[in-house]
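S.K.: Just one file: coords_26.cif, with mmCIF, C-alpha atoms.
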data_work
#
loop_
_atom_site.group_PDB
_atom_site.id
_atom_site.type_symbol
_atom_site.label_atom_id
_atom_site.label_comp_id
_atom_site.auth_asym_id
_atom_site.auth_seq_id
_atom_site.Cartn_x
_atom_site.Cartn_y
_atom_site.Cartn_z
ATOM 1 C CA MET A 1 5.124 -5.405 -9.482
ATOM 2 C CA LYS A 2 5.049 -2.044 -11.231
ATOM 3 C CA LEU A 3 8.380 -0.733 -12.549
ATOM 4 C CA VAL A 4 8.530 3.080 -12.699
ATOM 5 C CA SER A 5 11.263 4.827 -14.706
ATOM 6 C CA PRO A 6 12.583 8.380 -14.190
ATOM 7 C CA VAL A 7 10.547 9.586 -17.188
ATOM 8 C CA GLU A 8 7.397 8.041 -15.729
ATOM 9 C CA VAL A 9 8.055 9.614 -12.312
ATOM 10 C CA ASP A 10 8.175 13.048 -13.959
ATOM 11 C CA ALA A 11 5.028 12.350 -15.965
ATOM 12 C CA LEU A 12 3.054 11.189 -12.929
ATOM 13 C CA LEU A 13 3.974 13.884 -10.424
ATOM 14 C CA ASN A 14 3.156 17.555 -10.011
ATOM 15 C CA TRP A 15 4.254 19.956 -7.275
ATOM 16 C CA PRO A 16 0.940 20.585 -5.492
ATOM 17 C CA ASP A 17 0.295 16.856 -5.079
ATOM 18 C CA MET A 18 3.885 16.150 -4.039
ATOM 19 C CA ILE A 19 3.965 18.912 -1.424
ATOM 20 C CA ASN A 20 0.552 17.958 -0.061
ATOM 21 C CA ALA A 21 1.509 14.269 0.221
ATOM 22 C CA ILE A 22 4.619 15.114 2.246
ATOM 23 C CA GLU A 23 2.607 17.500 4.415
ATOM 24 C CA LEU A 24 0.038 14.785 5.153
ATOM 25 C CA ALA A 25 2.761 12.269 6.018
ATOM 26 C CA PHE A 26 4.351 14.627 8.548
ATOM 27 C CA ARG A 27 0.988 15.562 10.014
ATOM 28 C CA GLN A 28 -0.189 11.972 10.446
ATOM 29 C CA GLY A 29 3.225 10.445 11.126
ATOM 30 C CA VAL A 30 4.819 7.208 9.970
ATOM 31 C CA ILE A 31 7.267 4.731 11.477
ATOM 32 C CA GLN A 32 10.793 5.468 10.234
ATOM 33 C CA PRO A 33 13.646 3.576 11.915
ATOM 34 C CA VAL A 34 17.124 5.076 11.894
ATOM 35 C CA ARG A 35 18.662 4.735 8.438
ATOM 36 C CA HIS A 36 21.283 2.023 7.991
ATOM 37 C CA HIS A 37 24.799 2.986 6.843
ATOM 38 C CA HIS A 38 27.075 0.189 5.653
ATOM 39 C CA THR A 39 30.610 0.654 4.355
ATOM 40 C CA VAL A 40 31.492 -1.689 1.507
ATOM 41 C CA GLU A 41 35.270 -1.959 1.256
ATOM 42 C CA ARG A 42 36.842 -2.295 -2.185
ATOM 43 C CA PRO A 43 40.278 -3.883 -2.704
ATOM 44 C CA ASP A 44 40.984 -1.730 -5.745
ATOM 45 C CA GLY A 45 39.478 1.671 -4.966
ATOM 46 C CA ALA A 46 37.464 3.863 -2.636
ATOM 47 C CA ALA A 47 34.920 2.175 -0.398
ATOM 48 C CA SER A 48 31.262 2.343 -1.370
ATOM 49 C CA THR A 49 28.414 3.134 1.018
ATOM 50 C CA LEU A 50 25.144 1.223 1.133
ATOM 51 C CA LEU A 51 22.232 3.165 2.657
ATOM 52 C CA LEU A 52 18.904 1.616 3.633
ATOM 53 C CA MET A 53 15.998 3.918 4.541
ATOM 54 C CA PRO A 54 12.872 2.011 5.681
ATOM 55 C CA ALA A 55 9.465 3.389 6.657
ATOM 56 C CA TRP A 56 5.879 2.202 6.930
ATOM 57 C CA SER A 57 2.415 3.647 7.504
ATOM 58 C CA ASP A 58 -1.225 2.678 7.983
ATOM 59 C CA PHE A 59 -2.613 5.023 5.311
ATOM 60 C CA ASP A 60 -2.318 5.927 1.646
ATOM 61 C CA ALA A 61 -1.459 9.168 -0.185
ATOM 62 C CA LEU A 62 -4.887 10.632 0.640
ATOM 63 C CA GLY A 63 -4.896 9.574 4.277
ATOM 64 C CA ASP A 64 -7.140 6.519 3.778
ATOM 65 C CA SER A 65 -6.535 4.354 6.855
ATOM 66 C CA SER A 66 -7.956 1.263 5.148
ATOM 67 C CA LYS A 67 -4.712 1.021 3.190
ATOM 68 C CA GLY A 68 -1.127 0.792 4.329
ATOM 69 C CA TYR A 69 2.341 0.572 2.819
ATOM 70 C CA MET A 70 5.894 -0.354 3.677
ATOM 71 C CA GLY A 71 8.856 0.946 1.729
ATOM 72 C CA VAL A 72 12.620 1.125 1.682
ATOM 73 C CA LYS A 73 14.982 3.274 -0.326
ATOM 74 C CA ILE A 74 18.207 1.519 -1.233
ATOM 75 C CA VAL A 75 21.017 3.896 -2.131
ATOM 76 C CA THR A 76 24.644 3.304 -3.038
ATOM 77 C CA VAL A 77 27.392 5.908 -3.063
ATOM 78 C CA SER A 78 30.447 4.860 -5.075
ATOM 79 C CA PRO A 79 33.013 7.687 -5.338
ATOM 80 C CA ASP A 80 35.003 6.023 -8.160
ATOM 81 C CA ASN A 81 32.045 5.834 -10.554
ATOM 82 C CA GLY A 82 33.107 8.968 -12.396
ATOM 83 C CA ALA A 83 35.974 7.027 -13.916
ATOM 84 C CA VAL A 84 33.465 4.785 -15.700
ATOM 85 C CA SER A 85 31.060 7.642 -16.562
ATOM 86 C CA LYS A 86 28.403 6.624 -14.049
ATOM 87 C CA PRO A 87 26.759 8.680 -11.278
ATOM 88 C CA ALA A 88 28.316 8.335 -7.836
ATOM 89 C CA VAL A 89 24.878 8.030 -6.249
ATOM 90 C CA MET A 90 22.356 5.451 -7.417
ATOM 91 C CA GLY A 91 19.209 4.080 -5.872
ATOM 92 C CA VAL A 92 15.798 2.460 -6.120
ATOM 93 C CA TYR A 93 12.655 2.646 -4.021
ATOM 94 C CA LEU A 94 10.826 -0.579 -3.179
ATOM 95 C CA LEU A 95 7.184 -0.127 -2.169
ATOM 96 C CA LEU A 96 5.292 -3.006 -0.538
ATOM 97 C CA ASP A 97 1.770 -3.727 0.657
ATOM 98 C CA GLY A 98 1.544 -2.775 4.315
ATOM 99 C CA LYS A 99 -0.382 -5.900 5.343
ATOM 100 C CA THR A 100 0.878 -8.708 3.116
ATOM 101 C CA GLY A 101 4.367 -7.437 2.261
ATOM 102 C CA GLU A 102 3.632 -7.987 -1.435
ATOM 103 C CA PRO A 103 5.999 -5.930 -3.645
ATOM 104 C CA LYS A 104 3.920 -3.229 -5.329
ATOM 105 C CA ALA A 105 6.428 -1.052 -7.165
ATOM 106 C CA LEU A 106 10.104 -0.532 -7.879
ATOM 107 C CA ILE A 107 10.644 3.172 -8.527
ATOM 108 C CA ASP A 108 13.718 5.022 -9.771
ATOM 109 C CA GLY A 109 15.284 6.231 -6.534
ATOM 110 C CA GLN A 110 17.265 9.148 -7.890
ATOM 111 C CA ARG A 111 14.269 10.815 -9.521
ATOM 112 C CA LEU A 112 12.043 10.145 -6.543
ATOM 113 C CA THR A 113 14.642 11.708 -4.241
ATOM 114 C CA LEU A 114 14.810 14.885 -6.330
ATOM 115 C CA TRP A 115 11.041 15.319 -6.196
ATOM 116 C CA ARG A 116 10.665 14.597 -2.480
ATOM 117 C CA THR A 117 13.656 16.725 -1.449
ATOM 118 C CA ALA A 118 12.472 19.803 -3.328
ATOM 119 C CA GLY A 119 8.922 19.074 -2.179
ATOM 120 C CA ALA A 120 9.968 19.116 1.484
ATOM 121 C CA SER A 121 11.737 22.458 0.984
ATOM 122 C CA ALA A 122 8.645 23.932 -0.643
ATOM 123 C CA LEU A 123 6.496 22.572 2.189
ATOM 124 C CA ALA A 124 8.698 24.359 4.724
ATOM 125 C CA ALA A 125 8.571 27.555 2.659
ATOM 126 C CA ARG A 126 4.773 27.351 2.672
ATOM 127 C CA TYR A 127 4.982 28.002 6.421
ATOM 128 C CA LEU A 128 8.147 30.105 6.578
ATOM 129 C CA ALA A 129 8.551 32.251 3.447
ATOM 130 C CA ARG A 130 6.734 35.544 3.011
ATOM 131 C CA GLU A 131 3.467 35.252 1.086
ATOM 132 C CA ASP A 132 4.705 37.833 -1.424
ATOM 133 C CA ALA A 133 8.175 36.291 -1.944
ATOM 134 C CA SER A 134 9.051 36.854 -5.610
ATOM 135 C CA LYS A 135 12.865 36.765 -5.886
ATOM 136 C CA LEU A 136 14.577 33.394 -5.603
ATOM 137 C CA VAL A 137 18.291 32.600 -5.568
ATOM 138 C CA VAL A 138 19.427 29.015 -6.198
ATOM 139 C CA LEU A 139 22.959 28.114 -5.098
ATOM 140 C CA GLY A 140 24.386 25.123 -6.921
ATOM 141 C CA ALA A 141 23.750 23.742 -10.393
ATOM 142 C CA GLY A 142 23.398 20.035 -9.733
ATOM 143 C CA ALA A 143 20.438 17.847 -10.631
ATOM 144 C CA LEU A 144 18.441 19.231 -7.707
ATOM 145 C CA SER A 145 18.704 22.925 -8.618
ATOM 146 C CA GLY A 146 15.989 23.015 -11.260
ATOM 147 C CA PHE A 147 13.665 21.016 -9.021
ATOM 148 C CA LEU A 148 14.159 23.496 -6.190
ATOM 149 C CA ALA A 149 13.358 26.425 -8.487
ATOM 150 C CA ARG A 150 10.182 24.750 -9.731
ATOM 151 C CA ALA A 151 9.023 23.618 -6.298
ATOM 152 C CA HIS A 152 9.420 27.050 -4.688
ATOM 153 C CA SER A 153 7.720 28.664 -7.678
ATOM 154 C CA ALA A 154 4.736 26.376 -7.121
ATOM 155 C CA ILE A 155 3.964 27.818 -3.674
ATOM 156 C CA ARG A 156 5.095 31.448 -3.967
ATOM 157 C CA PRO A 157 4.739 34.101 -6.739
ATOM 158 C CA ILE A 158 8.348 33.752 -7.932
ATOM 159 C CA ASN A 159 9.056 35.926 -10.975
ATOM 160 C CA ASP A 160 12.837 36.368 -10.707
ATOM 161 C CA ILE A 161 15.239 33.404 -10.390
ATOM 162 C CA SER A 162 19.014 33.789 -10.086
ATOM 163 C CA ILE A 163 21.284 30.743 -10.374
ATOM 164 C CA TRP A 164 24.791 30.801 -8.895
ATOM 165 C CA ASN A 165 27.397 28.087 -9.168
ATOM 166 C CA ARG A 166 31.170 27.974 -8.752
ATOM 167 C CA ASN A 167 31.263 26.918 -12.393
ATOM 168 C CA PHE A 168 29.357 29.681 -14.199
ATOM 169 C CA ALA A 169 28.668 27.460 -17.212
ATOM 170 C CA GLY A 170 26.756 25.099 -14.938
ATOM 171 C CA ALA A 171 24.566 27.939 -13.708
ATOM 172 C CA GLU A 172 23.916 29.030 -17.290
ATOM 173 C CA LYS A 173 22.796 25.524 -18.221
ATOM 174 C CA VAL A 174 20.230 25.434 -15.410
ATOM 175 C CA ALA A 175 18.999 28.928 -16.287
ATOM 176 C CA VAL A 176 18.510 27.952 -19.945
ATOM 177 C CA GLU A 177 16.451 24.913 -18.915
ATOM 178 C CA LEU A 178 14.248 27.038 -16.661
ATOM 179 C CA ILE A 179 13.799 29.710 -19.340
ATOM 180 C CA ARG A 180 12.755 26.986 -21.753
ATOM 181 C CA ASP A 181 9.987 26.086 -19.289
ATOM 182 C CA GLY A 182 8.776 29.675 -19.074
ATOM 183 C CA PHE A 183 10.591 30.911 -15.965
ATOM 184 C CA ASN A 184 12.378 34.258 -15.715
ATOM 185 C CA ALA A 185 15.818 32.914 -14.841
ATOM 186 C CA ARG A 186 19.437 33.944 -15.280
ATOM 187 C CA ALA A 187 22.904 32.888 -14.192
ATOM 188 C CA VAL A 188 24.745 35.309 -11.901
ATOM 189 C CA GLU A 189 28.363 35.693 -10.874
ATOM 190 C CA ASP A 190 27.927 37.962 -7.837
ATOM 191 C CA LYS A 191 26.489 35.583 -5.265
ATOM 192 C CA ASP A 192 26.414 38.023 -2.373
ATOM 193 C CA ALA A 193 24.608 40.717 -4.349
ATOM 194 C CA ALA A 194 21.966 38.223 -5.470
ATOM 195 C CA ILE A 195 21.468 36.992 -1.898
ATOM 196 C CA ALA A 196 21.090 40.564 -0.633
ATOM 197 C CA GLU A 197 18.068 41.063 -2.915
ATOM 198 C CA ALA A 198 16.495 37.625 -2.475
ATOM 199 C CA ASP A 199 13.261 36.758 -0.716
ATOM 200 C CA ILE A 200 14.177 33.060 -0.731
ATOM 201 C CA ILE A 201 17.690 31.588 -0.919
ATOM 202 C CA THR A 202 17.849 27.842 -1.559
ATOM 203 C CA ALA A 203 21.146 25.927 -1.499
ATOM 204 C CA GLY A 204 21.788 22.373 -2.619
ATOM 205 C CA THR A 205 25.565 22.115 -2.742
ATOM 206 C CA LEU A 206 28.440 19.984 -1.484
ATOM 207 C CA SER A 207 30.140 22.969 0.130
ATOM 208 C CA THR A 208 32.285 22.620 3.241
ATOM 209 C CA GLU A 209 32.601 26.417 3.617
ATOM 210 C CA PRO A 210 29.709 28.868 4.212
ATOM 211 C CA LEU A 211 28.178 30.290 1.046
ATOM 212 C CA ILE A 212 25.380 32.287 2.682
ATOM 213 C CA LEU A 213 26.614 35.003 5.016
ATOM 214 C CA GLY A 214 24.163 36.392 7.534
ATOM 215 C CA LYS A 215 25.286 39.969 6.959
ATOM 216 C CA HIS A 216 23.894 39.842 3.407
ATOM 217 C CA LEU A 217 20.373 38.693 4.303
ATOM 218 C CA LYS A 218 17.638 41.285 4.011
ATOM 219 C CA ALA A 219 14.731 41.570 6.430
ATOM 220 C CA GLY A 220 12.051 38.995 5.674
ATOM 221 C CA ALA A 221 14.348 36.579 3.829
ATOM 222 C CA HIS A 222 13.874 32.810 3.998
ATOM 223 C CA VAL A 223 16.923 30.511 3.785
ATOM 224 C CA ASP A 224 16.491 26.922 2.586
ATOM 225 C CA LEU A 225 19.485 24.612 3.178
ATOM 226 C CA ILE A 226 19.503 21.181 1.525
ATOM 227 C CA GLY A 227 23.208 20.430 1.105
ATOM 228 C CA ALA A 228 25.656 20.044 4.008
ATOM 229 C CA PHE A 229 24.244 16.615 4.824
ATOM 230 C CA THR A 230 27.252 15.628 6.959
ATOM 231 C CA PRO A 231 28.645 17.334 10.090
ATOM 232 C CA LYS A 232 31.728 18.448 8.153
ATOM 233 C CA MET A 233 29.779 20.332 5.459
ATOM 234 C CA ARG A 234 28.417 23.874 5.681
ATOM 235 C CA GLU A 235 26.331 26.234 3.521
ATOM 236 C CA SER A 236 25.582 29.047 6.013
ATOM 237 C CA ASP A 237 27.748 30.959 8.469
ATOM 238 C CA ASP A 238 27.210 31.497 12.195
ATOM 239 C CA GLU A 239 25.671 34.936 11.678
ATOM 240 C CA CYS A 240 23.068 33.476 9.337
ATOM 241 C CA ILE A 241 22.058 30.864 11.906
ATOM 242 C CA LYS A 242 22.004 33.386 14.774
ATOM 243 C CA ARG A 243 19.842 35.907 12.907
ATOM 244 C CA ALA A 244 17.212 33.381 11.849
ATOM 245 C CA ARG A 245 14.302 31.562 13.419
ATOM 246 C CA VAL A 246 15.495 28.033 12.662
ATOM 247 C CA PHE A 247 13.366 25.048 11.668
ATOM 248 C CA VAL A 248 14.441 21.584 10.458
ATOM 249 C CA ASP A 249 12.841 18.605 8.730
ATOM 250 C CA THR A 250 13.497 16.275 11.690
ATOM 251 C CA ARG A 251 15.287 17.216 14.906
ATOM 252 C CA ASP A 252 17.167 13.944 15.266
ATOM 253 C CA GLY A 253 18.469 14.073 11.702
ATOM 254 C CA ALA A 254 19.513 17.719 11.796
ATOM 255 C CA LEU A 255 21.241 17.422 15.168
ATOM 256 C CA LYS A 256 23.173 14.368 14.008
ATOM 257 C CA GLU A 257 23.975 15.048 10.355
ATOM 258 C CA GLY A 258 23.358 18.685 9.405
ATOM 259 C CA GLY A 259 26.635 20.585 9.451
ATOM 260 C CA ASP A 260 24.811 23.929 9.491
ATOM 261 C CA ILE A 261 23.315 22.940 12.842
ATOM 262 C CA VAL A 262 25.979 20.620 14.278
ATOM 263 C CA GLN A 263 28.928 22.984 13.823
ATOM 264 C CA PRO A 264 27.493 26.127 15.501
ATOM 265 C CA ILE A 265 26.211 24.010 18.399
ATOM 266 C CA LYS A 266 29.633 22.421 18.847
ATOM 267 C CA ALA A 267 31.253 25.873 18.753
ATOM 268 C CA GLY A 268 28.850 27.219 21.367
ATOM 269 C CA VAL A 269 27.333 29.767 18.980
ATOM 270 C CA ILE A 270 23.837 28.335 19.586
ATOM 271 C CA ASP A 271 22.363 25.459 21.544
ATOM 272 C CA SER A 272 19.801 22.867 20.468
ATOM 273 C CA GLY A 273 17.051 25.116 21.815
ATOM 274 C CA HIS A 274 17.713 27.512 18.939
ATOM 275 C CA ILE A 275 15.807 25.048 16.740
ATOM 276 C CA ILE A 276 12.250 26.254 17.123
ATOM 277 C CA GLY A 277 10.532 23.327 15.464
ATOM 278 C CA ASP A 278 10.465 20.738 12.692
ATOM 279 C CA LEU A 279 8.060 19.759 9.928
ATOM 280 C CA PHE A 280 6.030 17.699 12.399
ATOM 281 C CA ASP A 281 5.480 20.852 14.470
ATOM 282 C CA LEU A 282 4.679 23.061 11.497
ATOM 283 C CA THR A 283 2.200 20.685 9.839
ATOM 284 C CA ARG A 284 0.457 19.898 13.130
ATOM 285 C CA GLY A 285 0.296 23.520 14.240
ATOM 286 C CA THR A 286 2.201 22.955 17.497
ATOM 287 C CA MET A 287 4.739 25.588 16.453
ATOM 288 C CA ARG A 288 4.011 28.716 14.478
ATOM 289 C CA GLY A 289 6.041 29.365 11.344
ATOM 290 C CA ARG A 290 6.636 32.910 10.127
ATOM 291 C CA GLN A 291 5.429 35.438 12.694
ATOM 292 C CA SER A 292 6.191 38.721 10.920
ATOM 293 C CA THR A 293 7.082 40.052 7.495
ATOM 294 C CA GLY A 294 10.462 41.291 8.667
ATOM 295 C CA GLU A 295 11.892 38.261 10.437
ATOM 296 C CA ILE A 296 14.478 35.957 8.851
ATOM 297 C CA THR A 297 13.584 32.271 8.741
ATOM 298 C CA LEU A 298 15.785 29.269 7.996
ATOM 299 C CA PHE A 299 14.984 25.649 7.147
ATOM 300 C CA LYS A 300 17.609 22.912 7.333
ATOM 301 C CA SER A 301 16.865 19.595 5.631
ATOM 302 C CA VAL A 302 18.821 16.344 5.805
ATOM 303 C CA GLY A 303 16.125 14.092 4.355
ATOM 304 C CA ALA A 304 13.816 11.538 5.946
ATOM 305 C CA ALA A 305 12.488 8.102 5.001
ATOM 306 C CA LEU A 306 8.997 9.465 5.663
ATOM 307 C CA GLU A 307 9.358 11.753 2.632
ATOM 308 C CA ASP A 308 10.440 8.867 0.387
ATOM 309 C CA LEU A 309 7.490 6.751 1.496
ATOM 310 C CA ALA A 310 5.023 9.576 0.866
ATOM 311 C CA ALA A 311 6.485 10.151 -2.598
ATOM 312 C CA GLY A 312 6.587 6.433 -3.405
ATOM 313 C CA ILE A 313 2.957 5.927 -2.431
ATOM 314 C CA LEU A 314 1.927 8.941 -4.513
ATOM 315 C CA VAL A 315 3.787 7.682 -7.594
ATOM 316 C CA TYR A 316 2.338 4.186 -7.279
ATOM 317 C CA GLU A 317 -1.250 5.264 -6.742
ATOM 318 C CA LYS A 318 -1.098 7.682 -9.666
ATOM 319 C CA ALA A 319 0.446 4.969 -11.860
ATOM 320 C CA MET A 320 -2.353 2.553 -10.987
ATOM 321 C CA ALA A 321 -5.202 5.059 -11.255
#
For the file at hand, write its structure as structure tokens.
M.R.:
Amino acid sequence: MKLVSPVEVDALLNWPDMINAIELAFRQGVIQPVRHHHTVERPDGAASTLLLMPAWSDFDALGDSSKGYMGVKIVTVSPDNGAVSKPAVMGVYLLLDGKTGEPKALIDGQRLTLWRTAGASALAARYLAREDASKLVVLGAGALSGFLARAHSAIRPINDISIWNRNFAGAEKVAVELIRDGFNARAVEDKDAAIAEADIITAGTLSTEPLILGKHLKAGAHVDLIGAFTPKMRESDDECIKRARVFVDTRDGALKEGGDIVQPIKAGVIDSGHIIGDLFDLTRGTMRGRQSTGEITLFKSVGAALEDLAAGILVYEKAMA
């Protein structure tokens, strides 16, 4: 069984291959049962959560139907880990042979998740963002922020990147890392002003209050929402949702878990029909993405086991090439 570290994941992957692998997986489809959530009670602290995300397919990263894989991402969320200087979220991805069940690879789950999450956002932007989109705003300065900037820059001619974070020093750190890699990036303090000028706004935060207000969006903007992965979280306001043509990664996931969708539906601001399509629709051509240069588009992602499987297969096949 191949063991793949975070450093090796980065060395093996590139954005075009990652985005294309996720696109192929959505177009061809895989089996992905509902993810398992298990609460692990602790007698001396906050409960942990064990998440299991299985999926399987009858093809490889290039669509070869003579091969098949099974996989499961195992994630733990332990809120008290900060006290012992460890990340709250940890995980691994186990990839198995689709016919024999033989373990093929054990891949760092955190790094794989960063790549596949940003890759899915870039895939959506391929269909929804303007072809000439050049100004990008990234909200949040967590581990995902730099990945989002790089992924969007891989599919659109981004030449201006603004990073906003509640903690300005965090935004500066991300900007410095991007500059070091050759991007034109800077930290900003005026979030609303940056959003008003942006062609693409991508948010990967833990916010429970709207950060993106619809009144600030310019014509032709594309909004990419990755945070707010529970019904109680929110990154966009009602006006933002109402003004936009809304797409999601998966309908079931967004309608169950995505606060940016769940809350306005519950409040009667929109109904489920306001979601025009998902990544299955976009990649298969059953729903059209951007229809004009002036319309506002919005993509809400909550993550899918399909994306992890596509990324895991890609990593393994590149490692064995």
S.K.: Residues picked by the PyMOL selection byres ((chain A and resi 240-257) around 7) here, as number ranges by chain?
M.R.: A: 213-214, 229-231, 236-239, 258-259, 261-262, 274-279, 296-302
S.K.: Neighbouring residues of Gly146 in chain A were defined as those with any atom within 7 Å, considering all atoms listed in the file; residues of the same chain fewer than 4 positions away were excluded. Please report them as a PDB file with C-alpha atoms, in the coordinates of the input.
M.R.:
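around22.pdb, written as the output of this step:
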ATOM      1  CA  ARG A 150      10.182  24.750  -9.731  1.00  0.00           C
ATOM      2  CA  VAL A 174      20.230  25.434 -15.410  1.00  0.00           C
ATOM      3  CA  LEU A 178      14.248  27.038 -16.661  1.00  0.00           C
TER       4      LEU A 178
END
S.K.: To test your reading of the syntax: which residues would the PyMOL selection byres ((chain A and resi 284) around 12) return for the file shown? Reply as a compact mmCIF listing (two decimals) with C-alpha atoms, keeping the file's coordinate frame.
M.R.:
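out_30.txt, freshly written:
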# COMPACT_ATOMS: atom_id res chain seq x y z
CA GLU A 23 2.61 17.50 4.42
CA LEU A 24 0.04 14.78 5.15
CA ALA A 25 2.76 12.27 6.02
CA PHE A 26 4.35 14.63 8.55
CA ARG A 27 0.99 15.56 10.01
CA GLN A 28 -0.19 11.97 10.45
CA GLY A 29 3.22 10.44 11.13
CA TYR A 127 4.98 28.00 6.42
CA GLY A 277 10.53 23.33 15.46
CA ASP A 278 10.46 20.74 12.69
CA LEU A 279 8.06 19.76 9.93
CA PHE A 280 6.03 17.70 12.40
CA ASP A 281 5.48 20.85 14.47
CA LEU A 282 4.68 23.06 11.50
CA THR A 283 2.20 20.68 9.84
CA GLY A 285 0.30 23.52 14.24
CA THR A 286 2.20 22.96 17.50
CA MET A 287 4.74 25.59 16.45
CA ARG A 288 4.01 28.72 14.48
CA GLY A 289 6.04 29.36 11.34
S.K.: Given the choices A:Ser134, A:Gln263, A:Thr113, A:Thr208, which gets closest to Leu309 in chain A if the distance is worked out from all atoms listed in the file?
M.R.: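 The answer is A:Thr113, which sits nearest to Leu309 in chain A.
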S.K.: Could you please determine the separation between CA of Phe168 in chain A and CA of Val138 in chain A in Å, to one decimal place?
M.R.: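 CA of Val138 in chain A lies 12.8 Å from CA of Phe168 in chain A.
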S.K.: Work out how far apart CA of Ser5 in chain A and CA of Leu123 in chain A are and give it in Å to one decimal.
M.R.: 25.0 Å
S.K.: Do a neighbour search on range 216-226 of chain A at 8 Å with only C-alpha atoms, toss out local chain neighbours closer than 5 positions, and write the hits as a PyMOL selection string.
M.R.: chain A and resi 117+121+125+128-130+192-193+195-205+235+240+292-302
S.K.: May I ask which of the residues A:Leu114, A:Leu106, A:Ile19, A:Val89 is the closest one to Ala319 in chain A, counting all atoms listed in the file?
M.R.: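 Ranked by minimum distance to Ala319 in chain A, first place goes to A:Leu106.
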S.K.: So what does the PyMOL selection byres ((chain A and resi 182-187) around 12) actually pick up in this one, as a PyMOL selection string?
M.R.: chain A and resi 134-141+146+149-150+152-154+157-181+188-191+194
S.K.: Please provide the set of residues having any atom within 12 Å of Ala105 in chain A, restricted to only C-alpha atoms, with same-chain residues fewer than 4 positions apart removed, written as a PyMOL selection string.
M.R.: chain A and resi 1-5+9+69-73+92-97+101+109+309+312-320
